[in-house]
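Printed here is run.txt (compact mmCIF, N, CA and C atoms):
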```
# COMPACT_ATOMS: atom_id res chain seq x y z
N MET E 19 11.43 -44.99 -11.24
CA MET E 19 10.32 -44.14 -10.92
C MET E 19 9.68 -44.53 -9.59
N ALA E 20 9.68 -45.81 -9.28
CA ALA E 20 9.13 -46.24 -8.00
C ALA E 20 9.93 -45.65 -6.85
N ARG E 21 11.22 -45.52 -7.04
CA ARG E 21 12.08 -44.95 -6.00
C ARG E 21 11.72 -43.49 -5.73
N MET E 22 11.29 -42.75 -6.77
CA MET E 22 10.93 -41.35 -6.58
C MET E 22 9.68 -41.22 -5.71
N PHE E 23 8.76 -42.17 -5.81
CA PHE E 23 7.59 -42.13 -4.93
C PHE E 23 8.00 -42.39 -3.49
N ARG E 24 8.98 -43.24 -3.28
CA ARG E 24 9.48 -43.46 -1.92
C ARG E 24 10.20 -42.22 -1.41
N VAL E 25 10.89 -41.49 -2.30
CA VAL E 25 11.54 -40.23 -1.92
C VAL E 25 10.47 -39.20 -1.55
N LEU E 26 9.41 -39.12 -2.34
CA LEU E 26 8.30 -38.23 -2.00
C LEU E 26 7.70 -38.61 -0.65
N GLY E 27 7.58 -39.90 -0.40
CA GLY E 27 7.08 -40.36 0.89
C GLY E 27 7.98 -39.93 2.03
N PHE E 28 9.29 -40.00 1.82
CA PHE E 28 10.22 -39.56 2.85
C PHE E 28 10.04 -38.08 3.17
N TRP E 29 9.96 -37.23 2.13
CA TRP E 29 9.86 -35.80 2.36
C TRP E 29 8.51 -35.41 2.94
N THR E 30 7.44 -36.09 2.54
CA THR E 30 6.15 -35.79 3.18
C THR E 30 6.16 -36.25 4.63
N LEU E 31 6.90 -37.31 4.95
CA LEU E 31 7.03 -37.72 6.34
C LEU E 31 7.78 -36.67 7.15
N VAL E 32 8.84 -36.11 6.58
CA VAL E 32 9.59 -35.05 7.26
C VAL E 32 8.69 -33.85 7.52
N ILE E 33 7.91 -33.44 6.52
CA ILE E 33 7.01 -32.31 6.69
C ILE E 33 5.94 -32.63 7.73
N ALA E 34 5.41 -33.84 7.71
CA ALA E 34 4.39 -34.23 8.68
C ALA E 34 4.94 -34.22 10.10
N LEU E 35 6.14 -34.69 10.29
CA LEU E 35 6.73 -34.68 11.62
C LEU E 35 6.99 -33.27 12.12
N MET E 36 7.43 -32.38 11.23
CA MET E 36 7.64 -30.99 11.64
C MET E 36 6.31 -30.32 11.97
N ALA E 37 5.26 -30.61 11.20
CA ALA E 37 3.94 -30.04 11.48
C ALA E 37 3.40 -30.59 12.79
N PHE E 38 3.63 -31.86 13.06
CA PHE E 38 3.18 -32.46 14.32
C PHE E 38 3.89 -31.83 15.50
N ALA E 39 5.18 -31.59 15.34
CA ALA E 39 5.95 -30.95 16.42
C ALA E 39 5.50 -29.51 16.63
N GLY E 40 4.97 -28.88 15.59
CA GLY E 40 4.50 -27.50 15.69
C GLY E 40 3.03 -27.39 16.07
N ASP E 41 2.43 -28.48 16.53
CA ASP E 41 1.03 -28.52 16.97
C ASP E 41 0.03 -28.20 15.86
N MET E 42 0.38 -28.52 14.62
CA MET E 42 -0.55 -28.36 13.49
C MET E 42 -1.05 -29.76 13.12
N TYR E 43 -1.99 -30.27 13.90
CA TYR E 43 -2.37 -31.66 13.81
C TYR E 43 -3.11 -32.01 12.52
N GLU E 44 -4.00 -31.14 12.04
CA GLU E 44 -4.71 -31.44 10.80
C GLU E 44 -3.75 -31.47 9.62
N PHE E 45 -2.85 -30.50 9.57
CA PHE E 45 -1.83 -30.45 8.52
C PHE E 45 -0.94 -31.69 8.58
N ALA E 46 -0.53 -32.08 9.79
CA ALA E 46 0.31 -33.26 9.95
C ALA E 46 -0.43 -34.52 9.50
N LEU E 47 -1.70 -34.63 9.84
CA LEU E 47 -2.48 -35.80 9.44
C LEU E 47 -2.57 -35.90 7.92
N LEU E 48 -2.80 -34.78 7.26
CA LEU E 48 -2.84 -34.76 5.80
C LEU E 48 -1.53 -35.28 5.21
N PHE E 49 -0.41 -34.86 5.75
CA PHE E 49 0.88 -35.29 5.21
C PHE E 49 1.23 -36.71 5.63
N PHE E 50 0.76 -37.19 6.79
CA PHE E 50 0.96 -38.60 7.14
C PHE E 50 0.20 -39.50 6.16
N ILE E 51 -1.00 -39.08 5.77
CA ILE E 51 -1.77 -39.85 4.80
C ILE E 51 -1.06 -39.86 3.45
N GLN E 52 -0.55 -38.71 3.03
CA GLN E 52 0.19 -38.66 1.77
C GLN E 52 1.43 -39.55 1.83
N THR E 53 2.10 -39.57 2.97
CA THR E 53 3.28 -40.42 3.13
C THR E 53 2.91 -41.88 2.93
N ALA E 54 1.83 -42.32 3.57
CA ALA E 54 1.41 -43.71 3.44
C ALA E 54 1.08 -44.05 1.98
N VAL E 55 0.38 -43.15 1.30
CA VAL E 55 0.02 -43.41 -0.10
C VAL E 55 1.26 -43.46 -0.98
N PHE E 56 2.20 -42.52 -0.77
CA PHE E 56 3.41 -42.52 -1.60
C PHE E 56 4.23 -43.78 -1.39
N PHE E 57 4.38 -44.22 -0.14
CA PHE E 57 5.13 -45.45 0.09
C PHE E 57 4.42 -46.66 -0.49
N LEU E 58 3.10 -46.70 -0.35
CA LEU E 58 2.34 -47.81 -0.91
C LEU E 58 2.50 -47.87 -2.43
N VAL E 59 2.32 -46.74 -3.10
CA VAL E 59 2.45 -46.71 -4.56
C VAL E 59 3.89 -47.00 -4.98
N GLY E 60 4.86 -46.57 -4.16
CA GLY E 60 6.26 -46.79 -4.49
C GLY E 60 6.66 -48.25 -4.49
N TYR E 61 5.92 -49.08 -3.74
CA TYR E 61 6.26 -50.50 -3.69
C TYR E 61 5.36 -51.38 -4.56
N LEU E 62 4.50 -50.77 -5.38
CA LEU E 62 3.60 -51.57 -6.22
C LEU E 62 4.22 -51.99 -7.54
N ASN E 63 5.37 -51.44 -7.90
CA ASN E 63 6.09 -51.81 -9.13
C ASN E 63 5.23 -51.68 -10.38
N PHE E 64 4.66 -50.49 -10.56
CA PHE E 64 3.92 -50.18 -11.78
C PHE E 64 4.90 -49.92 -12.92
N THR E 65 4.35 -49.76 -14.11
CA THR E 65 5.19 -49.34 -15.23
C THR E 65 5.46 -47.85 -15.11
N GLU E 66 6.43 -47.39 -15.87
CA GLU E 66 6.79 -45.96 -15.81
C GLU E 66 5.62 -45.08 -16.24
N ARG E 67 4.90 -45.50 -17.23
CA ARG E 67 3.75 -44.72 -17.69
C ARG E 67 2.68 -44.62 -16.61
N THR E 68 2.44 -45.71 -15.90
CA THR E 68 1.46 -45.69 -14.82
C THR E 68 1.90 -44.76 -13.70
N TYR E 69 3.19 -44.79 -13.35
CA TYR E 69 3.69 -43.89 -12.32
C TYR E 69 3.51 -42.43 -12.72
N LEU E 70 3.75 -42.12 -14.00
CA LEU E 70 3.56 -40.75 -14.47
C LEU E 70 2.09 -40.35 -14.42
N MET E 71 1.20 -41.25 -14.79
CA MET E 71 -0.23 -40.94 -14.72
C MET E 71 -0.68 -40.74 -13.27
N VAL E 72 -0.18 -41.56 -12.36
CA VAL E 72 -0.52 -41.40 -10.94
C VAL E 72 0.01 -40.06 -10.43
N PHE E 73 1.22 -39.71 -10.80
CA PHE E 73 1.80 -38.45 -10.34
C PHE E 73 1.02 -37.26 -10.87
N TRP E 74 0.67 -37.27 -12.17
CA TRP E 74 -0.08 -36.15 -12.72
C TRP E 74 -1.48 -36.07 -12.14
N GLY E 75 -2.09 -37.21 -11.87
CA GLY E 75 -3.39 -37.19 -11.18
C GLY E 75 -3.28 -36.58 -9.80
N TYR E 76 -2.21 -36.93 -9.09
CA TYR E 76 -1.97 -36.34 -7.77
C TYR E 76 -1.76 -34.84 -7.88
N MET E 77 -1.00 -34.39 -8.88
CA MET E 77 -0.75 -32.96 -9.03
C MET E 77 -2.02 -32.19 -9.36
N VAL E 78 -2.87 -32.74 -10.21
CA VAL E 78 -4.13 -32.08 -10.55
C VAL E 78 -5.00 -31.95 -9.31
N LEU E 79 -5.14 -33.04 -8.56
CA LEU E 79 -5.95 -32.98 -7.33
C LEU E 79 -5.37 -32.01 -6.31
N ALA E 80 -4.05 -32.00 -6.17
CA ALA E 80 -3.42 -31.11 -5.20
C ALA E 80 -3.63 -29.64 -5.58
N PHE E 81 -3.46 -29.31 -6.85
CA PHE E 81 -3.63 -27.92 -7.28
C PHE E 81 -5.09 -27.50 -7.22
N LEU E 82 -6.02 -28.39 -7.57
CA LEU E 82 -7.43 -28.05 -7.45
C LEU E 82 -7.82 -27.85 -5.99
N GLY E 83 -7.32 -28.72 -5.12
CA GLY E 83 -7.61 -28.57 -3.69
C GLY E 83 -7.03 -27.30 -3.12
N PHE E 84 -5.80 -26.98 -3.50
CA PHE E 84 -5.16 -25.76 -3.02
C PHE E 84 -5.90 -24.52 -3.52
N THR E 85 -6.30 -24.54 -4.78
CA THR E 85 -7.02 -23.40 -5.35
C THR E 85 -8.38 -23.23 -4.69
N TYR E 86 -9.10 -24.32 -4.51
CA TYR E 86 -10.40 -24.25 -3.82
C TYR E 86 -10.24 -23.68 -2.42
N TRP E 87 -9.28 -24.21 -1.67
CA TRP E 87 -9.09 -23.76 -0.29
C TRP E 87 -8.70 -22.29 -0.24
N SER E 88 -7.77 -21.88 -1.08
CA SER E 88 -7.29 -20.50 -1.02
C SER E 88 -8.33 -19.50 -1.51
N VAL E 89 -9.24 -19.90 -2.41
CA VAL E 89 -10.23 -18.95 -2.92
C VAL E 89 -11.50 -18.97 -2.08
N PHE E 90 -12.04 -20.15 -1.78
CA PHE E 90 -13.35 -20.23 -1.15
C PHE E 90 -13.33 -20.39 0.36
N GLU E 91 -12.30 -20.96 0.93
CA GLU E 91 -12.27 -21.21 2.37
C GLU E 91 -11.52 -20.13 3.16
N MET E 92 -10.49 -19.56 2.56
CA MET E 92 -9.70 -18.59 3.31
C MET E 92 -10.34 -17.21 3.32
N GLY E 93 -11.12 -16.87 2.34
CA GLY E 93 -11.75 -15.57 2.28
C GLY E 93 -10.81 -14.52 1.73
N MET E 94 -11.37 -13.36 1.50
CA MET E 94 -10.59 -12.26 0.92
C MET E 94 -9.83 -11.53 2.02
N PRO E 95 -8.60 -11.13 1.76
CA PRO E 95 -7.85 -10.37 2.77
C PRO E 95 -8.39 -8.95 2.89
N LEU E 96 -8.25 -8.41 4.08
CA LEU E 96 -8.73 -7.04 4.30
C LEU E 96 -7.68 -6.02 4.03
```

Hey, can you dump this file as structure tokens for me?
Amino acid sequence: MARMFRVLGFWTLVIALMAFAGDMYEFALLFFIQTAVFFLVGYLNFTERTYLMVFWGYMVLAFLGFTYWSVFEMGMPL
């Protein structure tokens, strides 16, 4: 399970680099931070249950953040 967090870190790094190359600096910064967190958690050698709890906590925060942004910050389409 620790290896999967390192894999997630790799893919978020790829996305961050593509966003940086596309001049989307805020988006790239968000994914660079996620990369650092995923690599850090991937090397902490938690138990499998702890890794699952961390992942589900991350998913809840990500979906709540996405929902908040898409409903309240983006506004209604015309």

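You can rank E:Met94, E:Val78, E:Gln52, E:Gly40 by their closest distance to Leu26 of chain E using all atoms listed in the file, and at the top of that list sits E:Gln52.
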
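If you measure from each of E:Ala46, E:Met77, E:Val59, E:Met92 to Met19 of chain E using all atoms listed in the file, the closest one turns out to be E:Val59.
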
Distance criterion (all atoms listed in the file): nearest to Leu58 of chain E out of E:Phe23, E:Pro95, E:Phe38, E:Tyr86: E:Phe23

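All residues that come within 6 Å of the coordinates (9.0, -48.8, -5.1), counting all atoms listed in the file, are given as E:Ala20, E:Arg21, E:Arg24, E:Val59, E:Gly60, E:Tyr61, E:Leu62, E:Asn63.
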
Point-to-point distance from atom CA of Leu70 of chain E to atom CA of Gly27 of chain E, Å rounded to tenths: 15.8 Å

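Our summary of the geometry notes that atom CA of Gly75 of chain E is positioned 12.8 Å from atom C of Val55 of chain E.
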
Which of chain E fall in helix (DSSP H, G or I), as a ChimeraX atom specification: /E:20-39,43-60,66-91

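Between atom CA of Thr68 of chain E and atom C of Trp87 of chain E lies a distance of 29.4 Å.
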